Amino acid sequence: MNHSYSHIRHIDDLGKKFVKELEEFFVHYHELTGKEYRILDVKGSGEARRRMKDGMRALKKKAS
């Protein structure tokens, strides 16, 4: 685990500039693969966990 970010508890703790750069990274990364990607919203860790769990459930269901 990287302890440089151990103080981060919420997306707001990262700072607006860092979050903006992170958004741009994902948009540009997907552009390189020929896919369109847009940021719809930035939410906290609770929403991220829910989305990851939903994705894992969907993969398990698809594999069955």
# chains A, B, ... in the order shown; residues from 1 in each chain; ligands from 1

$ residues_around --residues "range 41-58 of chain A" --least-positions-apart "5" --cutoff "12 Å" --atoms "only C-alpha atoms" --output "ChimeraX atom specification"
/A:8-14,16,19-20,22-23,63-64

$ write_last_selection --atoms "all heavy atoms" --output "mmCIF file, in the first residue's frame"
data_model
loop_
_atom_site.group_PDB
_atom_site.id
_atom_site.type_symbol
_atom_site.label_atom_id
_atom_site.label_comp_id
_atom_site.auth_asym_id
_atom_site.auth_seq_id
_atom_site.Cartn_x
_atom_site.Cartn_y
_atom_site.Cartn_z
ATOM 1 N N ILE A 8 -6.084 10.243 2.673
ATOM 2 C CA ILE A 8 -7.239 10.479 1.804
ATOM 3 C C ILE A 8 -8.432 9.683 2.320
ATOM 4 O O ILE A 8 -8.377 8.472 2.464
ATOM 5 C CB ILE A 8 -6.932 10.076 0.347
ATOM 6 C CG1 ILE A 8 -5.730 10.843 -0.196
ATOM 7 C CG2 ILE A 8 -8.157 10.255 -0.533
ATOM 8 C CD1 ILE A 8 -5.909 12.334 -0.267
ATOM 9 N N ARG A 9 -9.508 10.367 2.601
ATOM 10 C CA ARG A 9 -10.741 9.730 3.071
ATOM 11 C C ARG A 9 -11.910 9.998 2.118
ATOM 12 O O ARG A 9 -12.891 9.288 2.125
ATOM 13 C CB ARG A 9 -11.110 10.237 4.464
ATOM 14 C CG ARG A 9 -10.087 9.898 5.521
ATOM 15 C CD ARG A 9 -10.116 8.409 5.820
ATOM 16 N NE ARG A 9 -9.069 8.060 6.762
ATOM 17 C CZ ARG A 9 -8.078 7.213 6.503
ATOM 18 N NH1 ARG A 9 -7.996 6.635 5.336
ATOM 19 N NH2 ARG A 9 -7.174 6.941 7.401
ATOM 20 N N HIS A 10 -11.788 11.041 1.296
ATOM 21 C CA HIS A 10 -12.859 11.419 0.387
ATOM 22 C C HIS A 10 -12.236 12.004 -0.871
ATOM 23 O O HIS A 10 -11.119 12.528 -0.831
ATOM 24 C CB HIS A 10 -13.777 12.456 1.058
ATOM 25 C CG HIS A 10 -15.025 12.717 0.291
ATOM 26 N ND1 HIS A 10 -15.094 13.668 -0.700
ATOM 27 C CD2 HIS A 10 -16.235 12.134 0.341
ATOM 28 C CE1 HIS A 10 -16.302 13.668 -1.214
ATOM 29 N NE2 HIS A 10 -17.020 12.738 -0.594
ATOM 30 N N ILE A 11 -12.943 11.925 -1.973
ATOM 31 C CA ILE A 11 -12.452 12.442 -3.254
ATOM 32 C C ILE A 11 -12.032 13.915 -3.143
ATOM 33 O O ILE A 11 -11.057 14.340 -3.756
ATOM 34 C CB ILE A 11 -13.502 12.235 -4.375
ATOM 35 C CG1 ILE A 11 -12.920 12.538 -5.755
ATOM 36 C CG2 ILE A 11 -14.740 13.084 -4.161
ATOM 37 C CD1 ILE A 11 -12.122 11.437 -6.318
ATOM 38 N N ASP A 12 -12.714 14.668 -2.309
ATOM 39 C CA ASP A 12 -12.372 16.084 -2.131
ATOM 40 C C ASP A 12 -10.984 16.273 -1.521
ATOM 41 O O ASP A 12 -10.356 17.302 -1.714
ATOM 42 C CB ASP A 12 -13.416 16.784 -1.260
ATOM 43 C CG ASP A 12 -14.770 16.869 -1.938
ATOM 44 O OD1 ASP A 12 -14.822 16.802 -3.183
ATOM 45 O OD2 ASP A 12 -15.779 16.996 -1.225
ATOM 46 N N ASP A 13 -10.492 15.254 -0.790
ATOM 47 C CA ASP A 13 -9.165 15.334 -0.181
ATOM 48 C C ASP A 13 -8.049 15.334 -1.222
ATOM 49 O O ASP A 13 -6.922 15.714 -0.920
ATOM 50 C CB ASP A 13 -8.936 14.159 0.787
ATOM 51 C CG ASP A 13 -9.886 14.174 1.968
ATOM 52 O OD1 ASP A 13 -10.444 15.241 2.281
ATOM 53 O OD2 ASP A 13 -10.076 13.104 2.586
ATOM 54 N N LEU A 14 -8.352 14.921 -2.436
ATOM 55 C CA LEU A 14 -7.339 14.885 -3.490
ATOM 56 C C LEU A 14 -7.076 16.257 -4.098
ATOM 57 O O LEU A 14 -6.012 16.482 -4.668
ATOM 58 C CB LEU A 14 -7.785 13.931 -4.604
ATOM 59 C CG LEU A 14 -7.859 12.466 -4.215
ATOM 60 C CD1 LEU A 14 -8.538 11.668 -5.324
ATOM 61 C CD2 LEU A 14 -6.481 11.918 -3.912
ATOM 62 N N LYS A 16 -9.027 19.629 -6.338
ATOM 63 C CA LYS A 16 -9.711 19.776 -7.627
ATOM 64 C C LYS A 16 -8.767 19.570 -8.806
ATOM 65 O O LYS A 16 -9.137 18.955 -9.804
ATOM 66 C CB LYS A 16 -10.378 21.148 -7.724
ATOM 67 C CG LYS A 16 -11.590 21.276 -6.830
ATOM 68 C CD LYS A 16 -12.248 22.628 -6.971
ATOM 69 C CE LYS A 16 -13.435 22.711 -6.021
ATOM 70 N NZ LYS A 16 -14.151 23.963 -6.149
ATOM 71 N N VAL A 19 -8.010 15.801 -9.291
ATOM 72 C CA VAL A 19 -9.199 15.113 -9.802
ATOM 73 C C VAL A 19 -9.397 15.444 -11.279
ATOM 74 O O VAL A 19 -9.682 14.552 -12.089
ATOM 75 C CB VAL A 19 -10.447 15.453 -8.960
ATOM 76 C CG1 VAL A 19 -11.708 14.896 -9.603
ATOM 77 C CG2 VAL A 19 -10.291 14.927 -7.536
ATOM 78 N N LYS A 20 -9.203 16.678 -11.664
ATOM 79 C CA LYS A 20 -9.331 17.087 -13.071
ATOM 80 C C LYS A 20 -8.296 16.361 -13.933
ATOM 81 O O LYS A 20 -8.612 15.870 -15.022
ATOM 82 C CB LYS A 20 -9.169 18.611 -13.191
ATOM 83 C CG LYS A 20 -9.342 19.133 -14.584
ATOM 84 C CD LYS A 20 -10.774 19.015 -15.025
ATOM 85 C CE LYS A 20 -10.964 19.640 -16.392
ATOM 86 N NZ LYS A 20 -12.203 19.217 -17.010
ATOM 87 N N LEU A 22 -6.907 13.491 -13.293
ATOM 88 C CA LEU A 22 -7.308 12.093 -13.326
ATOM 89 C C LEU A 22 -8.422 11.866 -14.345
ATOM 90 O O LEU A 22 -8.394 10.908 -15.125
ATOM 91 C CB LEU A 22 -7.757 11.655 -11.929
ATOM 92 C CG LEU A 22 -7.922 10.184 -11.660
ATOM 93 C CD1 LEU A 22 -6.636 9.423 -11.936
ATOM 94 C CD2 LEU A 22 -8.362 9.971 -10.221
ATOM 95 N N GLU A 23 -9.394 12.773 -14.365
ATOM 96 C CA GLU A 23 -10.467 12.700 -15.364
ATOM 97 C C GLU A 23 -9.886 12.753 -16.769
ATOM 98 O O GLU A 23 -10.253 11.956 -17.641
ATOM 99 C CB GLU A 23 -11.440 13.866 -15.183
ATOM 100 C CG GLU A 23 -12.275 13.796 -13.939
ATOM 101 C CD GLU A 23 -13.109 15.059 -13.731
ATOM 102 O OE1 GLU A 23 -13.070 15.975 -14.583
ATOM 103 O OE2 GLU A 23 -13.807 15.119 -12.712
ATOM 104 N N ALA A 63 -20.292 -15.319 -16.478
ATOM 105 C CA ALA A 63 -19.459 -16.522 -16.532
ATOM 106 C C ALA A 63 -20.253 -17.788 -16.254
ATOM 107 O O ALA A 63 -19.846 -18.871 -16.625
ATOM 108 C CB ALA A 63 -18.304 -16.400 -15.544
ATOM 109 N N SER A 64 -21.387 -17.651 -15.601
ATOM 110 C CA SER A 64 -22.205 -18.826 -15.244
ATOM 111 C C SER A 64 -22.940 -19.386 -16.431
ATOM 112 O O SER A 64 -23.295 -18.836 -17.354
ATOM 113 C CB SER A 64 -23.238 -18.476 -14.194
ATOM 114 O OG SER A 64 -22.656 -17.903 -13.065
#

$ select_by_dssp --residues "chain A" --states "alpha helix (DSSP H)" --output "PyMOL selection string"
chain A and resi 16-32+45-63

$ write_last_selection --atoms "C-alpha atoms" --output "PDB file, in the first residue's frame"
ATOM      1  CA  LYS A  16      -9.711  19.776  -7.627  1.00  0.00           C
ATOM      2  CA  LYS A  17      -6.588  19.961  -9.814  1.00  0.00           C
ATOM      3  CA  PHE A  18      -5.632  16.330  -9.186  1.00  0.00           C
ATOM      4  CA  VAL A  19      -9.199  15.113  -9.802  1.00  0.00           C
ATOM      5  CA  LYS A  20      -9.331  17.087 -13.071  1.00  0.00           C
ATOM      6  CA  GLU A  21      -6.012  15.560 -14.201  1.00  0.00           C
ATOM      7  CA  LEU A  22      -7.308  12.093 -13.326  1.00  0.00           C
ATOM      8  CA  GLU A  23     -10.467  12.700 -15.364  1.00  0.00           C
ATOM      9  CA  GLU A  24      -8.365  13.844 -18.326  1.00  0.00           C
ATOM     10  CA  PHE A  25      -6.174  10.750 -18.030  1.00  0.00           C
ATOM     11  CA  PHE A  26      -9.150   8.420 -18.379  1.00  0.00           C
ATOM     12  CA  VAL A  27     -10.660  10.386 -21.259  1.00  0.00           C
ATOM     13  CA  HIS A  28      -7.356  10.431 -23.181  1.00  0.00           C
ATOM     14  CA  TYR A  29      -6.584   6.790 -22.384  1.00  0.00           C
ATOM     15  CA  HIS A  30      -9.879   5.684 -23.908  1.00  0.00           C
ATOM     16  CA  GLU A  31      -9.328   7.950 -26.921  1.00  0.00           C
ATOM     17  CA  LEU A  32      -6.100   6.030 -27.622  1.00  0.00           C
ATOM     18  CA  SER A  45     -15.620   5.893  -2.223  1.00  0.00           C
ATOM     19  CA  GLY A  46     -19.008   4.456  -1.247  1.00  0.00           C
ATOM     20  CA  GLU A  47     -20.297   4.802  -4.791  1.00  0.00           C
ATOM     21  CA  ALA A  48     -17.034   3.377  -6.183  1.00  0.00           C
ATOM     22  CA  ARG A  49     -17.374   0.292  -3.975  1.00  0.00           C
ATOM     23  CA  ARG A  50     -20.995  -0.202  -5.049  1.00  0.00           C
ATOM     24  CA  ARG A  51     -20.040   0.066  -8.715  1.00  0.00           C
ATOM     25  CA  MET A  52     -17.170  -2.411  -8.327  1.00  0.00           C
ATOM     26  CA  LYS A  53     -19.397  -4.919  -6.527  1.00  0.00           C
ATOM     27  CA  ASP A  54     -22.059  -4.528  -9.239  1.00  0.00           C
ATOM     28  CA  GLY A  55     -19.420  -5.131 -11.903  1.00  0.00           C
ATOM     29  CA  MET A  56     -18.071  -8.218 -10.160  1.00  0.00           C
ATOM     30  CA  ARG A  57     -21.607  -9.618  -9.800  1.00  0.00           C
ATOM     31  CA  ALA A  58     -22.259  -8.987 -13.491  1.00  0.00           C
ATOM     32  CA  LEU A  59     -19.037 -10.808 -14.460  1.00  0.00           C
ATOM     33  CA  LYS A  60     -19.891 -13.783 -12.267  1.00  0.00           C
ATOM     34  CA  LYS A  61     -23.375 -13.913 -13.744  1.00  0.00           C
ATOM     35  CA  LYS A  62     -21.978 -13.721 -17.274  1.00  0.00           C
ATOM     36  CA  ALA A  63     -19.459 -16.522 -16.532  1.00  0.00           C
TER      37      ALA A  63
END
